[in-house]
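Scroll down for the structure; my scribbles are underneath it.
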Amino acid sequence: MMQIREETPTDGPVIAELVHLALGTRATDSPAARMRAGMRPVAGLCLVAANGTGAVVGTLRFWPVRIGGVPALQLGPLAVRPERRGEGFGKALLRAGLELARGAGHRIVVLIGDPAYYRPFGFETALSLGIRLPTSFDEARLQVLALTPGALAGVSGVVGPAAGDRRPTR
């Protein structure tokens with residue numbers, strides 16, 4: 001049995017461990033991680049997948065970004081405990097997260113990930129649309145999805161953090 005639910009503050013340590021197990025150094029040292037550094041995830045769009053005993057085995061978060069000034073969401077990380085991969089937790093999180101984002105009125109989602117995994121969900125290569133990263137590293141894995149018809153019309157430029165959503169530095 002699988003349960004998808006909104007993450008709670010008490011899930012934080014388990015999510016941190018899970019992301020580290022699933023992604024290793026990419027959790028903090030990758031173009032996607034650098035883009036969301038210092039940002040707050042979008043409230044209400046952070047999900048976890050739990051197994052039949054209630055243990056968290058997967059996580060998905062969305063972050064505020066802009067594409068050439070147009071508001072969008074960055075999806076990631078999508079992470080599942082290594083020993084639970086292949087059981088559908090990641091795909092269930094992805095479907096639920098995209099539906100939740102669409103229902104909340106968001107129009108565009110970008111991510112850096114394996115095109116073969118995300119293409120069945122409607123993602124397409126962002127470079128072909130003129131959407132790119134601030135650096136050339138990993139641009140071939142940059143993908144985008146219009147959550148509403150026509151949302152990508154005329155959208156191009158560099159993906160970057162939504163400056164107003166940065167955490168204050170101390």
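All residue names refer to the structure tokens as shown: chains lettered A, B, ... in order, residues numbered from 1 in each chain, ligands numbered from 1 in order.
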
Requested in this report: Enumerate, as a ChimeraX atom specification, the complete set of residues in region 70-141 of chain A that a backbone-based DSSP assignment places in helix (DSSP H, G or I).
Outcome: /A:82-84,89-103,115-121,127-129,139-141

Kindly save the residues from that selection, with N, CA and C atoms included, as a PDB file, in the first residue's frame.
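Saved result, out.pdb, follows:
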```pdb
ATOM      1  N   PRO A  82      16.746   3.889  -2.340  1.00  0.00           N
ATOM      2  CA  PRO A  82      17.284   2.973  -3.350  1.00  0.00           C
ATOM      3  C   PRO A  82      16.664   1.580  -3.330  1.00  0.00           C
ATOM      4  N   GLU A  83      16.400   1.043  -2.158  1.00  0.00           N
ATOM      5  CA  GLU A  83      15.842  -0.313  -2.096  1.00  0.00           C
ATOM      6  C   GLU A  83      14.361  -0.374  -2.478  1.00  0.00           C
ATOM      7  N   ARG A  84      13.719   0.776  -2.670  1.00  0.00           N
ATOM      8  CA  ARG A  84      12.292   0.816  -3.032  1.00  0.00           C
ATOM      9  C   ARG A  84      12.072   1.279  -4.474  1.00  0.00           C
ATOM     10  N   PHE A  89       6.765   4.384  -6.598  1.00  0.00           N
ATOM     11  CA  PHE A  89       6.674   5.536  -5.697  1.00  0.00           C
ATOM     12  C   PHE A  89       7.019   6.843  -6.421  1.00  0.00           C
ATOM     13  N   GLY A  90       8.088   6.839  -7.217  1.00  0.00           N
ATOM     14  CA  GLY A  90       8.500   8.044  -7.928  1.00  0.00           C
ATOM     15  C   GLY A  90       7.444   8.518  -8.909  1.00  0.00           C
ATOM     16  N   LYS A  91       6.908   7.602  -9.696  1.00  0.00           N
ATOM     17  CA  LYS A  91       5.889   7.969 -10.680  1.00  0.00           C
ATOM     18  C   LYS A  91       4.616   8.462  -9.996  1.00  0.00           C
ATOM     19  N   ALA A  92       4.252   7.855  -8.879  1.00  0.00           N
ATOM     20  CA  ALA A  92       3.059   8.301  -8.147  1.00  0.00           C
ATOM     21  C   ALA A  92       3.283   9.707  -7.580  1.00  0.00           C
ATOM     22  N   LEU A  93       4.466   9.967  -7.048  1.00  0.00           N
ATOM     23  CA  LEU A  93       4.782  11.306  -6.554  1.00  0.00           C
ATOM     24  C   LEU A  93       4.731  12.326  -7.680  1.00  0.00           C
ATOM     25  N   LEU A  94       5.305  11.968  -8.809  1.00  0.00           N
ATOM     26  CA  LEU A  94       5.337  12.884  -9.948  1.00  0.00           C
ATOM     27  C   LEU A  94       3.936  13.206 -10.444  1.00  0.00           C
ATOM     28  N   ARG A  95       3.103  12.194 -10.625  1.00  0.00           N
ATOM     29  CA  ARG A  95       1.721  12.444 -11.065  1.00  0.00           C
ATOM     30  C   ARG A  95       0.976  13.327 -10.070  1.00  0.00           C
ATOM     31  N   ALA A  96       1.082  13.011  -8.785  1.00  0.00           N
ATOM     32  CA  ALA A  96       0.378  13.787  -7.758  1.00  0.00           C
ATOM     33  C   ALA A  96       0.908  15.217  -7.691  1.00  0.00           C
ATOM     34  N   GLY A  97       2.227  15.373  -7.774  1.00  0.00           N
ATOM     35  CA  GLY A  97       2.818  16.703  -7.698  1.00  0.00           C
ATOM     36  C   GLY A  97       2.424  17.588  -8.866  1.00  0.00           C
ATOM     37  N   LEU A  98       2.437  17.037 -10.077  1.00  0.00           N
ATOM     38  CA  LEU A  98       2.051  17.825 -11.245  1.00  0.00           C
ATOM     39  C   LEU A  98       0.580  18.208 -11.187  1.00  0.00           C
ATOM     40  N   GLU A  99      -0.253  17.300 -10.743  1.00  0.00           N
ATOM     41  CA  GLU A  99      -1.688  17.608 -10.620  1.00  0.00           C
ATOM     42  C   GLU A  99      -1.916  18.683  -9.559  1.00  0.00           C
ATOM     43  N   LEU A 100      -1.216  18.584  -8.454  1.00  0.00           N
ATOM     44  CA  LEU A 100      -1.325  19.583  -7.387  1.00  0.00           C
ATOM     45  C   LEU A 100      -0.862  20.957  -7.877  1.00  0.00           C
ATOM     46  N   ALA A 101       0.255  20.992  -8.605  1.00  0.00           N
ATOM     47  CA  ALA A 101       0.773  22.258  -9.137  1.00  0.00           C
ATOM     48  C   ALA A 101      -0.216  22.865 -10.132  1.00  0.00           C
ATOM     49  N   ARG A 102      -0.767  22.032 -11.007  1.00  0.00           N
ATOM     50  CA  ARG A 102      -1.756  22.501 -11.981  1.00  0.00           C
ATOM     51  C   ARG A 102      -2.982  23.055 -11.247  1.00  0.00           C
ATOM     52  N   GLY A 103      -3.445  22.345 -10.249  1.00  0.00           N
ATOM     53  CA  GLY A 103      -4.613  22.787  -9.489  1.00  0.00           C
ATOM     54  C   GLY A 103      -4.382  24.068  -8.714  1.00  0.00           C
ATOM     55  N   PRO A 115      15.647  12.404 -19.568  1.00  0.00           N
ATOM     56  CA  PRO A 115      14.520  12.581 -20.487  1.00  0.00           C
ATOM     57  C   PRO A 115      13.660  11.324 -20.654  1.00  0.00           C
ATOM     58  N   ALA A 116      14.264  10.158 -20.662  1.00  0.00           N
ATOM     59  CA  ALA A 116      13.491   8.922 -20.844  1.00  0.00           C
ATOM     60  C   ALA A 116      12.494   8.716 -19.703  1.00  0.00           C
ATOM     61  N   TYR A 117      12.844   9.137 -18.500  1.00  0.00           N
ATOM     62  CA  TYR A 117      11.945   8.975 -17.356  1.00  0.00           C
ATOM     63  C   TYR A 117      10.795   9.989 -17.409  1.00  0.00           C
ATOM     64  N   TYR A 118      11.108  11.242 -17.753  1.00  0.00           N
ATOM     65  CA  TYR A 118      10.112  12.310 -17.656  1.00  0.00           C
ATOM     66  C   TYR A 118       9.281  12.518 -18.927  1.00  0.00           C
ATOM     67  N   ARG A 119       9.755  12.068 -20.084  1.00  0.00           N
ATOM     68  CA  ARG A 119       9.019  12.260 -21.332  1.00  0.00           C
ATOM     69  C   ARG A 119       7.592  11.701 -21.272  1.00  0.00           C
ATOM     70  N   PRO A 120       7.367  10.507 -20.683  1.00  0.00           N
ATOM     71  CA  PRO A 120       5.987   9.996 -20.635  1.00  0.00           C
ATOM     72  C   PRO A 120       5.010  10.889 -19.851  1.00  0.00           C
ATOM     73  N   PHE A 121       5.548  11.808 -19.056  1.00  0.00           N
ATOM     74  CA  PHE A 121       4.691  12.722 -18.294  1.00  0.00           C
ATOM     75  C   PHE A 121       4.446  14.026 -19.055  1.00  0.00           C
ATOM     76  N   LEU A 127      15.895  23.150 -24.382  1.00  0.00           N
ATOM     77  CA  LEU A 127      16.794  23.865 -25.298  1.00  0.00           C
ATOM     78  C   LEU A 127      16.137  24.146 -26.642  1.00  0.00           C
ATOM     79  N   SER A 128      15.329  23.210 -27.125  1.00  0.00           N
ATOM     80  CA  SER A 128      14.674  23.396 -28.418  1.00  0.00           C
ATOM     81  C   SER A 128      13.677  24.553 -28.384  1.00  0.00           C
ATOM     82  N   LEU A 129      13.279  24.970 -27.189  1.00  0.00           N
ATOM     83  CA  LEU A 129      12.350  26.094 -27.037  1.00  0.00           C
ATOM     84  C   LEU A 129      13.076  27.389 -26.689  1.00  0.00           C
ATOM     85  N   GLU A 139      22.679  21.069 -19.619  1.00  0.00           N
ATOM     86  CA  GLU A 139      21.580  21.646 -20.392  1.00  0.00           C
ATOM     87  C   GLU A 139      20.818  20.614 -21.214  1.00  0.00           C
ATOM     88  N   ALA A 140      21.472  19.548 -21.631  1.00  0.00           N
ATOM     89  CA  ALA A 140      20.792  18.522 -22.422  1.00  0.00           C
ATOM     90  C   ALA A 140      19.720  17.811 -21.605  1.00  0.00           C
ATOM     91  N   ARG A 141      19.843  17.861 -20.284  1.00  0.00           N
ATOM     92  CA  ARG A 141      18.863  17.214 -19.399  1.00  0.00           C
ATOM     93  C   ARG A 141      17.790  18.194 -18.904  1.00  0.00           C
TER      94      ARG A 141
END
```

Checklist line | Glu17 (chain A) surroundings by only C-alpha atoms, 12 Å radius, close-in-sequence under 4 positions cut, as a list of chain:residue names | finding: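 These residues fall inside the cut-off: A:Asp11, A:Gly12, A:Pro13, A:Leu21, A:Ala22, A:Leu23, A:Gly24, A:Ala27, A:Val56, A:Val57, A:Gly58, A:Thr59, A:Ala79, A:Val80, A:Arg81, A:Pro82.
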
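Each of A:Ser156, A:Gln74, A:Thr125, A:Gln143 was compared to Arg61 (chain A) using only C-alpha atoms, and A:Gln74 turns out to be the nearest.
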
A straight line from CA of Ala162 (chain A) to CA of Gly113 (chain A) spans 20.5 Å

- [ ] Within 9 Å of Leu152 (chain A), counting only C-alpha atoms, which residues show up once you throw out same-chain ones fewer than 6 positions away? Write them as JSON, numbers by chain, please.
- [x] {"A": [107, 108, 129, 144, 145, 146]}

What does the file look like for those residues with N, CA and C atoms, as a short mmCIF file (atom, residue, chain, number, x, y, z; two decimals), in the first residue's frame?
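File written: result-v1.cif
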```
data_model
loop_
_atom_site.label_atom_id
_atom_site.label_comp_id
_atom_site.auth_asym_id
_atom_site.auth_seq_id
_atom_site.Cartn_x
_atom_site.Cartn_y
_atom_site.Cartn_z
N ARG A 107 1.73 27.25 -14.11
CA ARG A 107 1.61 27.02 -15.55
C ARG A 107 2.77 26.27 -16.18
N ILE A 108 3.97 26.38 -15.58
CA ILE A 108 5.16 25.80 -16.21
C ILE A 108 6.02 25.11 -15.15
N LEU A 129 13.28 24.97 -27.19
CA LEU A 129 12.35 26.09 -27.04
C LEU A 129 13.08 27.39 -26.69
N VAL A 144 11.09 20.78 -19.81
CA VAL A 144 10.03 21.71 -19.44
C VAL A 144 8.67 21.09 -19.76
N LEU A 145 7.68 21.50 -18.99
CA LEU A 145 6.31 21.02 -19.18
C LEU A 145 5.35 22.18 -19.02
N ALA A 146 4.45 22.33 -19.97
CA ALA A 146 3.36 23.30 -19.84
C ALA A 146 2.22 22.61 -19.10
#
```

note - CA of Met2 (chain A) and CA of Arg40 (chain A) are separated by 26.9 Å

Near Pro134 (chain A), within 12 Å and counting only C-alpha atoms, which residues show up once chain neighbours fewer than 5 positions away are dropped, as an mmCIF file with N, CA and C atoms, in the first residue's frame?
```cif
data_model
loop_
_atom_site.group_PDB
_atom_site.id
_atom_site.type_symbol
_atom_site.label_atom_id
_atom_site.label_comp_id
_atom_site.auth_asym_id
_atom_site.auth_seq_id
_atom_site.Cartn_x
_atom_site.Cartn_y
_atom_site.Cartn_z
ATOM 1 N N PRO A 31 23.747 21.431 -10.909
ATOM 2 C CA PRO A 31 23.095 22.668 -11.364
ATOM 3 C C PRO A 31 21.716 22.867 -10.737
ATOM 4 N N ALA A 32 20.951 21.779 -10.597
ATOM 5 C CA ALA A 32 19.617 21.884 -10.006
ATOM 6 C C ALA A 32 19.699 22.305 -8.542
ATOM 7 N N ARG A 34 22.185 23.910 -7.073
ATOM 8 C CA ARG A 34 22.679 25.289 -6.975
ATOM 9 C C ARG A 34 21.577 26.294 -7.296
ATOM 10 N N MET A 35 20.684 25.939 -8.217
ATOM 11 C CA MET A 35 19.604 26.855 -8.572
ATOM 12 C C MET A 35 18.646 27.076 -7.398
ATOM 13 N N ARG A 66 12.191 31.419 -12.369
ATOM 14 C CA ARG A 66 11.722 32.230 -13.492
ATOM 15 C C ARG A 66 12.450 31.769 -14.739
ATOM 16 N N ILE A 67 11.759 31.830 -15.852
ATOM 17 C CA ILE A 67 12.366 31.556 -17.154
ATOM 18 C C ILE A 67 12.311 32.875 -17.914
ATOM 19 N N GLY A 68 13.451 33.537 -18.002
ATOM 20 C CA GLY A 68 13.461 34.829 -18.674
ATOM 21 C C GLY A 68 12.440 35.791 -18.089
ATOM 22 N N GLU A 139 22.679 21.069 -19.619
ATOM 23 C CA GLU A 139 21.580 21.646 -20.392
ATOM 24 C C GLU A 139 20.818 20.614 -21.214
ATOM 25 N N LEU A 142 17.886 19.454 -19.309
ATOM 26 C CA LEU A 142 16.891 20.455 -18.918
ATOM 27 C C LEU A 142 15.605 20.193 -19.696
ATOM 28 N N GLY A 157 14.607 31.946 -22.574
ATOM 29 C CA GLY A 157 15.561 32.627 -21.721
ATOM 30 C C GLY A 157 16.174 31.690 -20.700
ATOM 31 N N VAL A 158 16.864 32.287 -19.764
ATOM 32 C CA VAL A 158 17.613 31.559 -18.755
ATOM 33 C C VAL A 158 16.713 31.226 -17.564
ATOM 34 N N VAL A 159 16.838 29.993 -17.074
ATOM 35 C CA VAL A 159 16.127 29.580 -15.864
ATOM 36 C C VAL A 159 16.944 30.046 -14.669
ATOM 37 N N GLY A 160 16.300 30.742 -13.769
ATOM 38 C CA GLY A 160 16.986 31.215 -12.576
ATOM 39 C C GLY A 160 16.035 31.297 -11.403
ATOM 40 N N PRO A 161 16.583 31.476 -10.220
ATOM 41 C CA PRO A 161 15.738 31.554 -9.028
ATOM 42 C C PRO A 161 14.831 32.772 -9.059
#
```
